Amino acid sequence: MWETVNAVLSKIDSYVWGVPLIVLIIAGGIMLTVRMGLLQMRRLPLALKWMIKNEEEGEGEVTSFGALCTALSATIGTGNIVGVATAIAAGGPGALFWMIVAAFFGMATKYSEGLLAVKYRVVAEDGHSLGGPFYYIERGMGPRWKWLAKIFAFFGVCVGLFGIGTFTQVNGIVSAVQNFFDPDMAHQITIPGIGTYSPVVIVASLILAVCVALVLIGGIKRISSVSQVVVPFMAIIYVAFCLILVITNITAIPAAIVTVVQGAFNPRAVTGGVVGSMLIAVQSGVARGIFSNESGLGSAPIAAAAAKTKEPVRQGLVSMTGTFIDTIIICTMTGLSIVLTGAWQAEGLEGVEVTTYAFQNGLPFPNEVASFILMVCLIFFAFTTILGWDYYSERCLEYLSGGKMKAVKVFRWIYILAVFIGPYMTVSAVWTIADIFNGLMAIPNMIAIFALSGIVVKETRDFFQKKKHKM
């Protein structure tokens, strides 16, 4: 049965994530980069400064940093650990190169999304904010495009419930926990009609579901407060251990960089014919990169719309740093670790096992310590992603239902149930489902980005001219 399901899903995925969508997303990023004169390079120092410096005034629910951490909580997840490994396994080391290229142009896209989210958001008298692609489509492109906004919101709910938000994250967590505590499945429990699993998987999924429920009941403010503590901590810890791995294997770095660049343009020469198409390397890198940093998906602007800010441009710059941190720093560190240690060539490994192999063979620690470090990082990464995507999905559902909060509350419990059943989905099916919904969500958002690009450029130009005159 699962073989048939996987075959059907793979076929759908190949159509959704075909050349047209990849071209649409990359072309959007290139177009914005050119029209704004490499803004992601010129304004990155200012963006990093504003990332930690909140505005004193402004309407919204959380600080700019809190909104960024909420967005990062959704983006820094299994995509940074498992997704990078999956991309390199499918497309060879060259996939990492295309992941970085897509992220560079994606920074311009993420900037535009954040700007538009604040410009067209709705803030109620009680400070409750609602914004994102559904509102910048409806209010920016005009009411006649509301059908497109609803399509985006529908796919947004699906991505959270069936894709990035639940199954992939939970699957990554329990896989890491099982690999550490019960790698040989010494103890097994058979669930009729579903399969045989380690007790560790069942217990982990139950604990995770309870922890998720405890946070989600508090809404955006609790999600933001948890994210502001956990996200910076986990990112720093993970990057620190990756740096230790890289420094320990520093002599192999030049060869690894050559392998990545050569694999980007001539995969067959690097993979020995296992991956023979440059298109596969591009497709794997771009798809997994977008899965990780979500540039072009339209998810991050939903969090950006909740920021206490008066300036759309300012929040756009803060949003842009999310892609820089997520992919250009964290995903690159993961990918380099995998290439340096040859983990991508190890046979019989899948998903998190590839990154675990890299940590075990690259860090100057016993295998148990390396596995434990990765397991803890993955748990924190995935846990916060689950929280962030519940918020995104709830906001999409709130828009679809016309603000009916009863529907949102029911959805919240369905979401928690999806977290609980996530471990019982196969790895390949989980990632394929996530890819499909990612692509479908990106289409209406990118249409809006192209349509409103002139407004983005004008807002940016006016803001910096005004800022220049004040100096």
# chains A, B, ... in the order shown; residues from 1 in each chain; ligands from 1
>>> closest_atom_pairs(of="region 7-111 of chain A", to="region 282-302 of chain A", cutoff="10 Å", atoms="only C-alpha atoms", output="CSV")
residue,atom,partner,partner_atom,distance
A:Ser14,CA,A:Gln283,CA,9.6
A:Trp17,CA,A:Ala287,CA,7.3
A:Gly18,CA,A:Gln283,CA,7.7
A:Val19,CA,A:Gln283,CA,7.9
A:Leu21,CA,A:Ala287,CA,9.8
A:Ile22,CA,A:Val286,CA,7.1
A:Leu24,CA,A:Gly296,CA,9.5
A:Ile25,CA,A:Gly296,CA,6.4
A:Ile26,CA,A:Val286,CA,8.6
A:Gly28,CA,A:Gly296,CA,8.4
A:Gly29,CA,A:Gly296,CA,8.4
A:Ala67,CA,A:Ala300,CA,8.9
A:Leu68,CA,A:Ala300,CA,8.3
A:Thr70,CA,A:Ala300,CA,8.5
A:Ala71,CA,A:Ala300,CA,5.3
A:Leu72,CA,A:Ala300,CA,8.2
A:Ala74,CA,A:Ala300,CA,8.1
A:Thr75,CA,A:Asn293,CA,5.2
A:Ile76,CA,A:Ser292,CA,6.7
A:Gly77,CA,A:Ser292,CA,7.1
A:Thr78,CA,A:Ser292,CA,7.9
A:Gly79,CA,A:Ser292,CA,4.7
A:Asn80,CA,A:Ser292,CA,6.1
A:Ile81,CA,A:Ser292,CA,9.4
A:Val82,CA,A:Arg288,CA,9.6
A:Gly83,CA,A:Arg288,CA,5.8
A:Val84,CA,A:Arg288,CA,6.6
A:Ala85,CA,A:Arg288,CA,9.4
A:Thr86,CA,A:Arg288,CA,8.0
A:Ala87,CA,A:Ser284,CA,5.0
A:Ile88,CA,A:Ser284,CA,7.5
A:Ala89,CA,A:Ser284,CA,9.0
A:Ala90,CA,A:Ser284,CA,6.5
A:Gly91,CA,A:Ser284,CA,5.5
A:Gly92,CA,A:Ser284,CA,8.7
A:Pro93,CA,A:Gly285,CA,9.3
A:Gly94,CA,A:Val282,CA,7.7
A:Ala95,CA,A:Gly285,CA,4.1
A:Leu96,CA,A:Gly285,CA,5.8
A:Phe97,CA,A:Gly285,CA,7.3
A:Trp98,CA,A:Gly285,CA,5.1
A:Met99,CA,A:Gly285,CA,4.4
A:Ile100,CA,A:Gly289,CA,7.6
A:Val101,CA,A:Val286,CA,8.4
A:Ala102,CA,A:Val286,CA,5.9
A:Ala103,CA,A:Gly289,CA,6.8
A:Phe104,CA,A:Ser295,CA,10.0
A:Phe105,CA,A:Ser295,CA,8.9
A:Gly106,CA,A:Ser295,CA,5.2
A:Met107,CA,A:Ser295,CA,7.0
A:Ala108,CA,A:Ser295,CA,8.7
A:Thr109,CA,A:Gly296,CA,6.1
A:Lys110,CA,A:Ser295,CA,5.2
A:Tyr111,CA,A:Ser295,CA,9.0
>>> residues_around(residues="region 135-152 of chain A", least_positions_apart="3", cutoff="10 Å", atoms="only C-alpha atoms", output="mmCIF file with all heavy atoms, in the first residue's frame")
data_model
loop_
_atom_site.group_PDB
_atom_site.id
_atom_site.type_symbol
_atom_site.label_atom_id
_atom_site.label_comp_id
_atom_site.auth_asym_id
_atom_site.auth_seq_id
_atom_site.Cartn_x
_atom_site.Cartn_y
_atom_site.Cartn_z
ATOM 1 N N GLU A 113 8.052 40.323 1.244
ATOM 2 C CA GLU A 113 6.920 39.732 1.963
ATOM 3 C C GLU A 113 6.680 40.445 3.295
ATOM 4 O O GLU A 113 5.539 40.741 3.662
ATOM 5 C CB GLU A 113 7.200 38.250 2.221
ATOM 6 C CG GLU A 113 7.199 37.381 0.971
ATOM 7 C CD GLU A 113 7.632 35.960 1.261
ATOM 8 O OE1 GLU A 113 8.471 35.751 2.160
ATOM 9 O OE2 GLU A 113 7.124 35.047 0.596
ATOM 10 N N LEU A 115 7.600 43.489 4.174
ATOM 11 C CA LEU A 115 7.158 44.863 3.920
ATOM 12 C C LEU A 115 5.656 44.896 3.606
ATOM 13 O O LEU A 115 4.898 45.675 4.192
ATOM 14 C CB LEU A 115 7.962 45.452 2.766
ATOM 15 C CG LEU A 115 7.724 46.919 2.382
ATOM 16 C CD1 LEU A 115 8.966 47.482 1.687
ATOM 17 C CD2 LEU A 115 6.523 47.102 1.447
ATOM 18 N N LEU A 116 5.236 44.038 2.687
ATOM 19 C CA LEU A 116 3.833 44.018 2.272
ATOM 20 C C LEU A 116 2.911 43.576 3.407
ATOM 21 O O LEU A 116 1.782 44.060 3.526
ATOM 22 C CB LEU A 116 3.662 43.092 1.063
ATOM 23 C CG LEU A 116 4.310 43.563 -0.243
ATOM 24 C CD1 LEU A 116 4.279 42.447 -1.280
ATOM 25 C CD2 LEU A 116 3.623 44.820 -0.782
ATOM 26 N N ALA A 117 3.402 42.659 4.247
ATOM 27 C CA ALA A 117 2.588 42.165 5.363
ATOM 28 C C ALA A 117 2.212 43.289 6.318
ATOM 29 O O ALA A 117 1.060 43.382 6.762
ATOM 30 C CB ALA A 117 3.343 41.071 6.117
ATOM 31 N N VAL A 118 3.179 44.159 6.634
ATOM 32 C CA VAL A 118 2.919 45.271 7.555
ATOM 33 C C VAL A 118 2.097 46.357 6.870
ATOM 34 O O VAL A 118 1.192 46.946 7.464
ATOM 35 C CB VAL A 118 4.243 45.844 8.107
ATOM 36 C CG1 VAL A 118 3.987 47.096 8.941
ATOM 37 C CG2 VAL A 118 4.962 44.792 8.941
ATOM 38 N N LYS A 119 2.391 46.615 5.608
ATOM 39 C CA LYS A 119 1.688 47.678 4.884
ATOM 40 C C LYS A 119 0.191 47.392 4.778
ATOM 41 O O LYS A 119 -0.636 48.297 4.890
ATOM 42 C CB LYS A 119 2.292 47.850 3.483
ATOM 43 C CG LYS A 119 1.617 48.947 2.664
ATOM 44 C CD LYS A 119 2.320 49.180 1.344
ATOM 45 C CE LYS A 119 1.590 50.224 0.498
ATOM 46 N NZ LYS A 119 1.516 51.547 1.176
ATOM 47 N N TYR A 120 -0.171 46.141 4.536
ATOM 48 C CA TYR A 120 -1.572 45.811 4.280
ATOM 49 C C TYR A 120 -2.255 45.047 5.424
ATOM 50 O O TYR A 120 -3.356 44.533 5.245
ATOM 51 C CB TYR A 120 -1.675 44.982 2.991
ATOM 52 C CG TYR A 120 -1.322 45.771 1.754
ATOM 53 C CD1 TYR A 120 -0.138 45.520 1.064
ATOM 54 C CD2 TYR A 120 -2.165 46.771 1.283
ATOM 55 C CE1 TYR A 120 0.199 46.253 -0.073
ATOM 56 C CE2 TYR A 120 -1.836 47.503 0.150
ATOM 57 C CZ TYR A 120 -0.649 47.237 -0.524
ATOM 58 O OH TYR A 120 -0.322 47.958 -1.648
ATOM 59 N N ARG A 121 -1.628 44.999 6.575
ATOM 60 C CA ARG A 121 -2.218 44.252 7.693
ATOM 61 C C ARG A 121 -3.437 44.984 8.263
ATOM 62 O O ARG A 121 -3.645 46.173 8.026
ATOM 63 C CB ARG A 121 -1.177 44.053 8.794
ATOM 64 C CG ARG A 121 -0.807 45.320 9.536
ATOM 65 C CD ARG A 121 0.232 45.062 10.603
ATOM 66 N NE ARG A 121 0.709 46.300 11.205
ATOM 67 C CZ ARG A 121 1.607 46.345 12.178
ATOM 68 N NH1 ARG A 121 2.126 45.228 12.646
ATOM 69 N NH2 ARG A 121 1.992 47.520 12.674
ATOM 70 N N VAL A 122 -4.191 44.231 9.062
ATOM 71 C CA VAL A 122 -5.332 44.780 9.784
ATOM 72 C C VAL A 122 -5.034 44.637 11.269
ATOM 73 O O VAL A 122 -4.700 43.546 11.741
ATOM 74 C CB VAL A 122 -6.626 44.016 9.440
ATOM 75 C CG1 VAL A 122 -7.770 44.485 10.325
ATOM 76 C CG2 VAL A 122 -6.978 44.206 7.971
ATOM 77 N N LEU A 130 -3.727 40.804 12.083
ATOM 78 C CA LEU A 130 -3.923 39.774 11.072
ATOM 79 C C LEU A 130 -3.381 40.303 9.753
ATOM 80 O O LEU A 130 -3.803 41.355 9.268
ATOM 81 C CB LEU A 130 -5.403 39.402 10.927
ATOM 82 C CG LEU A 130 -5.714 38.278 9.920
ATOM 83 C CD1 LEU A 130 -5.027 36.985 10.331
ATOM 84 C CD2 LEU A 130 -7.219 38.058 9.794
ATOM 85 N N GLY A 131 -2.462 39.595 9.194
ATOM 86 C CA GLY A 131 -1.877 40.023 7.930
ATOM 87 C C GLY A 131 -1.087 38.899 7.302
ATOM 88 O O GLY A 131 -0.884 37.844 7.891
ATOM 89 N N GLY A 132 -0.643 39.127 6.095
ATOM 90 C CA GLY A 132 0.075 38.112 5.348
ATOM 91 C C GLY A 132 -0.355 38.145 3.900
ATOM 92 O O GLY A 132 -1.079 39.066 3.476
ATOM 93 N N PHE A 155 -4.159 26.548 1.303
ATOM 94 C CA PHE A 155 -2.913 25.793 1.265
ATOM 95 C C PHE A 155 -2.075 26.043 2.513
ATOM 96 O O PHE A 155 -1.336 25.166 2.970
ATOM 97 C CB PHE A 155 -2.109 26.142 0.008
ATOM 98 C CG PHE A 155 -2.692 25.573 -1.262
ATOM 99 C CD1 PHE A 155 -2.768 26.328 -2.417
ATOM 100 C CD2 PHE A 155 -3.174 24.271 -1.296
ATOM 101 C CE1 PHE A 155 -3.308 25.808 -3.588
ATOM 102 C CE2 PHE A 155 -3.724 23.741 -2.456
ATOM 103 C CZ PHE A 155 -3.785 24.507 -3.604
ATOM 104 N N GLY A 156 -2.193 27.256 3.080
ATOM 105 C CA GLY A 156 -1.472 27.558 4.316
ATOM 106 C C GLY A 156 -1.905 26.653 5.456
ATOM 107 O O GLY A 156 -1.083 26.183 6.245
ATOM 108 N N VAL A 157 -3.205 26.404 5.540
ATOM 109 C CA VAL A 157 -3.726 25.487 6.557
ATOM 110 C C VAL A 157 -3.194 24.072 6.309
ATOM 111 O O VAL A 157 -2.769 23.375 7.233
ATOM 112 C CB VAL A 157 -5.270 25.479 6.551
ATOM 113 C CG1 VAL A 157 -5.804 24.399 7.499
ATOM 114 C CG2 VAL A 157 -5.809 26.843 6.955
ATOM 115 N N CYS A 158 -3.191 23.663 5.050
ATOM 116 C CA CYS A 158 -2.737 22.317 4.693
ATOM 117 C C CYS A 158 -1.245 22.126 4.957
ATOM 118 O O CYS A 158 -0.824 21.058 5.436
ATOM 119 C CB CYS A 158 -3.030 22.030 3.216
ATOM 120 S SG CYS A 158 -4.778 21.878 2.824
ATOM 121 N N LEU A 297 7.255 31.367 0.111
ATOM 122 C CA LEU A 297 6.081 30.613 0.533
ATOM 123 C C LEU A 297 4.974 31.538 1.015
ATOM 124 O O LEU A 297 3.788 31.235 0.863
ATOM 125 C CB LEU A 297 6.463 29.650 1.669
ATOM 126 C CG LEU A 297 6.479 28.171 1.311
ATOM 127 C CD1 LEU A 297 7.532 27.902 0.260
ATOM 128 C CD2 LEU A 297 6.734 27.328 2.547
ATOM 129 N N GLY A 298 5.357 32.634 1.667
ATOM 130 C CA GLY A 298 4.364 33.555 2.190
ATOM 131 C C GLY A 298 3.991 33.287 3.639
ATOM 132 O O GLY A 298 3.037 33.869 4.156
ATOM 133 N N SER A 299 4.746 32.418 4.302
ATOM 134 C CA SER A 299 4.442 32.091 5.697
ATOM 135 C C SER A 299 4.989 33.135 6.662
ATOM 136 O O SER A 299 4.273 33.612 7.555
ATOM 137 C CB SER A 299 5.016 30.715 6.043
ATOM 138 O OG SER A 299 6.400 30.657 5.708
ATOM 139 N N PRO A 301 5.584 36.333 6.456
ATOM 140 C CA PRO A 301 4.870 37.609 6.600
ATOM 141 C C PRO A 301 3.659 37.532 7.529
ATOM 142 O O PRO A 301 3.208 38.559 8.038
ATOM 143 C CB PRO A 301 4.449 37.955 5.164
ATOM 144 C CG PRO A 301 4.623 36.730 4.371
ATOM 145 C CD PRO A 301 5.711 35.963 5.036
ATOM 146 N N ILE A 302 3.140 36.332 7.775
ATOM 147 C CA ILE A 302 2.025 36.201 8.717
ATOM 148 C C ILE A 302 2.504 36.564 10.118
ATOM 149 O O ILE A 302 1.794 37.228 10.886
ATOM 150 C CB ILE A 302 1.454 34.766 8.693
ATOM 151 C CG1 ILE A 302 0.945 34.426 7.286
ATOM 152 C CG2 ILE A 302 0.327 34.615 9.710
ATOM 153 C CD1 ILE A 302 0.491 32.995 7.113
ATOM 154 N N CYS A 396 -4.348 31.653 8.860
ATOM 155 C CA CYS A 396 -4.942 31.347 7.546
ATOM 156 C C CYS A 396 -6.394 30.911 7.704
ATOM 157 O O CYS A 396 -7.271 31.327 6.937
ATOM 158 C CB CYS A 396 -4.137 30.239 6.847
ATOM 159 S SG CYS A 396 -2.513 30.761 6.240
ATOM 160 N N LEU A 397 -6.654 30.085 8.706
ATOM 161 C CA LEU A 397 -8.013 29.615 8.943
ATOM 162 C C LEU A 397 -8.905 30.758 9.418
ATOM 163 O O LEU A 397 -10.093 30.830 9.055
ATOM 164 C CB LEU A 397 -8.006 28.490 9.979
ATOM 165 C CG LEU A 397 -9.359 27.838 10.277
ATOM 166 C CD1 LEU A 397 -9.966 27.259 9.003
ATOM 167 C CD2 LEU A 397 -9.217 26.770 11.346
ATOM 168 N N TYR A 399 -8.686 33.804 8.512
ATOM 169 C CA TYR A 399 -9.052 34.565 7.306
ATOM 170 C C TYR A 399 -10.121 33.818 6.511
ATOM 171 O O TYR A 399 -11.112 34.413 6.071
ATOM 172 C CB TYR A 399 -7.817 34.790 6.443
ATOM 173 C CG TYR A 399 -8.118 35.499 5.142
ATOM 174 C CD1 TYR A 399 -8.277 36.880 5.098
ATOM 175 C CD2 TYR A 399 -8.254 34.776 3.953
ATOM 176 C CE1 TYR A 399 -8.578 37.526 3.907
ATOM 177 C CE2 TYR A 399 -8.546 35.421 2.758
ATOM 178 C CZ TYR A 399 -8.699 36.799 2.741
ATOM 179 O OH TYR A 399 -8.994 37.427 1.563
ATOM 180 N N LEU A 400 -9.935 32.514 6.339
ATOM 181 C CA LEU A 400 -10.882 31.711 5.564
ATOM 182 C C LEU A 400 -12.274 31.701 6.190
ATOM 183 O O LEU A 400 -13.286 31.729 5.490
ATOM 184 C CB LEU A 400 -10.372 30.263 5.456
ATOM 185 C CG LEU A 400 -9.363 29.931 4.368
ATOM 186 C CD1 LEU A 400 -8.926 28.476 4.489
ATOM 187 C CD2 LEU A 400 -9.926 30.194 2.977
ATOM 188 N N SER A 401 -12.318 31.642 7.528
ATOM 189 C CA SER A 401 -13.605 31.523 8.223
ATOM 190 C C SER A 401 -14.249 32.861 8.533
ATOM 191 O O SER A 401 -15.293 32.918 9.176
ATOM 192 C CB SER A 401 -13.410 30.743 9.533
ATOM 193 O OG SER A 401 -12.567 31.466 10.423
ATOM 194 N N LEU A 440 2.396 24.404 -3.743
ATOM 195 C CA LEU A 440 1.066 24.949 -3.995
ATOM 196 C C LEU A 440 0.852 26.254 -3.251
ATOM 197 O O LEU A 440 0.178 27.166 -3.747
ATOM 198 C CB LEU A 440 0.001 23.922 -3.576
ATOM 199 C CG LEU A 440 -0.042 22.644 -4.425
ATOM 200 C CD1 LEU A 440 -1.041 21.659 -3.832
ATOM 201 C CD2 LEU A 440 -0.389 22.949 -5.881
ATOM 202 N N MET A 441 1.438 26.370 -2.058
ATOM 203 C CA MET A 441 1.311 27.593 -1.271
ATOM 204 C C MET A 441 2.099 28.738 -1.903
ATOM 205 O O MET A 441 1.702 29.906 -1.845
ATOM 206 C CB MET A 441 1.835 27.318 0.143
ATOM 207 C CG MET A 441 1.603 28.431 1.147
ATOM 208 S SD MET A 441 2.219 27.915 2.760
ATOM 209 C CE MET A 441 1.929 29.412 3.707
ATOM 210 N N ALA A 442 3.232 28.398 -2.505
ATOM 211 C CA ALA A 442 4.103 29.426 -3.065
ATOM 212 C C ALA A 442 3.508 30.101 -4.300
ATOM 213 O O ALA A 442 3.777 31.281 -4.555
ATOM 214 C CB ALA A 442 5.460 28.812 -3.424
ATOM 215 N N ILE A 443 2.708 29.378 -5.071
ATOM 216 C CA ILE A 443 2.214 29.912 -6.349
ATOM 217 C C ILE A 443 1.401 31.203 -6.186
ATOM 218 O O ILE A 443 1.742 32.227 -6.792
ATOM 219 C CB ILE A 443 1.410 28.833 -7.111
ATOM 220 C CG1 ILE A 443 2.355 27.703 -7.536
ATOM 221 C CG2 ILE A 443 0.732 29.437 -8.340
ATOM 222 C CD1 ILE A 443 1.634 26.477 -8.092
ATOM 223 N N PRO A 444 0.322 31.224 -5.374
ATOM 224 C CA PRO A 444 -0.424 32.486 -5.237
ATOM 225 C C PRO A 444 0.407 33.595 -4.597
ATOM 226 O O PRO A 444 0.242 34.774 -4.946
ATOM 227 C CB PRO A 444 -1.620 32.109 -4.354
ATOM 228 C CG PRO A 444 -1.242 30.834 -3.696
ATOM 229 C CD PRO A 444 -0.330 30.127 -4.635
ATOM 230 N N ASN A 445 1.296 33.230 -3.672
ATOM 231 C CA ASN A 445 2.132 34.254 -3.033
ATOM 232 C C ASN A 445 3.072 34.905 -4.031
ATOM 233 O O ASN A 445 3.238 36.129 -4.043
ATOM 234 C CB ASN A 445 2.927 33.643 -1.889
ATOM 235 C CG ASN A 445 3.796 34.668 -1.183
ATOM 236 O OD1 ASN A 445 3.314 35.658 -0.648
ATOM 237 N ND2 ASN A 445 5.106 34.447 -1.190
ATOM 238 N N ILE A 447 2.697 35.121 -7.259
ATOM 239 C CA ILE A 447 1.903 35.940 -8.188
ATOM 240 C C ILE A 447 1.720 37.331 -7.586
ATOM 241 O O ILE A 447 1.871 38.357 -8.260
ATOM 242 C CB ILE A 447 0.537 35.280 -8.467
ATOM 243 C CG1 ILE A 447 0.724 34.009 -9.304
ATOM 244 C CG2 ILE A 447 -0.400 36.256 -9.187
ATOM 245 C CD1 ILE A 447 -0.551 33.187 -9.470
ATOM 246 N N ALA A 448 1.416 37.369 -6.280
ATOM 247 C CA ALA A 448 1.225 38.654 -5.593
ATOM 248 C C ALA A 448 2.531 39.439 -5.504
ATOM 249 O O ALA A 448 2.536 40.669 -5.663
ATOM 250 C CB ALA A 448 0.669 38.412 -4.186
ATOM 251 N N ILE A 449 3.638 38.751 -5.262
ATOM 252 C CA ILE A 449 4.946 39.421 -5.165
ATOM 253 C C ILE A 449 5.291 40.104 -6.489
ATOM 254 O O ILE A 449 5.746 41.253 -6.520
ATOM 255 C CB ILE A 449 6.058 38.418 -4.780
ATOM 256 C CG1 ILE A 449 5.837 37.887 -3.353
ATOM 257 C CG2 ILE A 449 7.425 39.052 -4.908
ATOM 258 C CD1 ILE A 449 5.925 38.926 -2.274
ATOM 259 N N ALA A 451 3.090 41.040 -8.793
ATOM 260 C CA ALA A 451 2.100 42.092 -9.037
ATOM 261 C C ALA A 451 2.365 43.342 -8.204
ATOM 262 O O ALA A 451 2.116 44.463 -8.647
ATOM 263 C CB ALA A 451 0.695 41.552 -8.744
ATOM 264 N N LEU A 452 2.874 43.160 -6.985
ATOM 265 C CA LEU A 452 3.067 44.281 -6.062
ATOM 266 C C LEU A 452 4.529 44.711 -5.954
ATOM 267 O O LEU A 452 4.859 45.516 -5.077
ATOM 268 C CB LEU A 452 2.536 43.892 -4.670
ATOM 269 C CG LEU A 452 1.049 43.512 -4.604
ATOM 270 C CD1 LEU A 452 0.693 42.988 -3.225
ATOM 271 C CD2 LEU A 452 0.173 44.703 -4.971
ATOM 272 N N ILE A 455 5.200 48.457 -5.831
ATOM 273 C CA ILE A 455 4.922 49.085 -4.543
ATOM 274 C C ILE A 455 6.079 48.858 -3.582
ATOM 275 O O ILE A 455 6.469 49.759 -2.837
ATOM 276 C CB ILE A 455 3.606 48.525 -3.960
ATOM 277 C CG1 ILE A 455 2.429 48.982 -4.828
ATOM 278 C CG2 ILE A 455 3.408 48.953 -2.508
ATOM 279 C CD1 ILE A 455 1.114 48.369 -4.454
#
>>> select_by_dssp(residues="region 45-256 of chain A", states="strand (DSSP E)", output="PDB file with C-alpha atoms, in the first residue's frame")
ATOM      1  CA  VAL A 122      -5.332  44.780   9.784  1.00  0.00           C
ATOM      2  CA  VAL A 123      -4.880  45.718  13.455  1.00  0.00           C
ATOM      3  CA  SER A 129      -3.094  41.687  14.206  1.00  0.00           C
ATOM      4  CA  LEU A 130      -3.923  39.774  11.072  1.00  0.00           C
ATOM      5  CA  ILE A 189       5.142  -2.688  20.096  1.00  0.00           C
ATOM      6  CA  THR A 190       2.780  -3.632  17.277  1.00  0.00           C
ATOM      7  CA  ILE A 191      -0.085  -1.247  16.541  1.00  0.00           C
ATOM      8  CA  GLY A 195       2.914  -1.143  12.075  1.00  0.00           C
ATOM      9  CA  THR A 196       5.572  -2.059  14.610  1.00  0.00           C
ATOM     10  CA  TYR A 197       7.318   0.667  16.571  1.00  0.00           C
TER      11      TYR A 197
END
>>> residues_around(residues="region 336-347 of chain A", least_positions_apart="3", cutoff="6 Å", atoms="only C-alpha atoms", output="PyMOL selection string")
chain A and resi 89+256+332-333+354+357-358+362
>>> write_last_selection(atoms="N, CA, C and O atoms", output="mmCIF file, in the first residue's frame")
data_model
loop_
_atom_site.group_PDB
_atom_site.id
_atom_site.type_symbol
_atom_site.label_atom_id
_atom_site.label_comp_id
_atom_site.auth_asym_id
_atom_site.auth_seq_id
_atom_site.Cartn_x
_atom_site.Cartn_y
_atom_site.Cartn_z
ATOM 1 N N ALA A 89 21.404 13.968 -0.467
ATOM 2 C CA ALA A 89 21.245 12.565 -0.845
ATOM 3 C C ALA A 89 20.577 12.433 -2.210
ATOM 4 O O ALA A 89 20.925 11.569 -3.015
ATOM 5 N N ALA A 256 36.161 19.948 -0.066
ATOM 6 C CA ALA A 256 34.705 19.911 0.098
ATOM 7 C C ALA A 256 34.042 21.015 -0.715
ATOM 8 O O ALA A 256 33.007 20.794 -1.353
ATOM 9 N N THR A 332 24.031 25.932 5.583
ATOM 10 C CA THR A 332 25.382 25.799 5.018
ATOM 11 C C THR A 332 26.279 25.020 5.966
ATOM 12 O O THR A 332 27.068 24.164 5.529
ATOM 13 N N MET A 333 26.161 25.283 7.267
ATOM 14 C CA MET A 333 26.967 24.560 8.239
ATOM 15 C C MET A 333 26.623 23.071 8.245
ATOM 16 O O MET A 333 27.512 22.209 8.301
ATOM 17 N N VAL A 354 21.821 10.549 8.200
ATOM 18 C CA VAL A 354 22.953 11.106 7.447
ATOM 19 C C VAL A 354 23.679 12.157 8.282
ATOM 20 O O VAL A 354 24.906 12.141 8.398
ATOM 21 N N TYR A 357 25.473 10.595 11.224
ATOM 22 C CA TYR A 357 26.748 10.021 10.776
ATOM 23 C C TYR A 357 27.822 11.101 10.697
ATOM 24 O O TYR A 357 28.970 10.902 11.125
ATOM 25 N N ALA A 358 27.452 12.269 10.149
ATOM 26 C CA ALA A 358 28.410 13.375 10.020
ATOM 27 C C ALA A 358 28.906 13.837 11.384
ATOM 28 O O ALA A 358 30.102 14.057 11.586
ATOM 29 N N GLY A 362 32.633 13.405 12.552
ATOM 30 C CA GLY A 362 33.319 14.681 12.403
ATOM 31 C C GLY A 362 33.670 15.377 13.695
ATOM 32 O O GLY A 362 34.656 16.125 13.760
#
>>> closest_residue(among="A:Met31, A:Leu387, A:Val210, A:Ala307", to="Phe420 (chain A)", atoms="only C-alpha atoms")
A:Val210
>>> closest_residue(among="A:Ala209, A:Met446, A:Ala303, A:Ala27", to="Val318 (chain A)", atoms="only C-alpha atoms")
A:Ala303
>>> closest_residue(among="A:Thr385, A:Ser393, A:Thr355, A:Gln465", to="Ala176 (chain A)", atoms="only C-alpha atoms")
A:Thr355
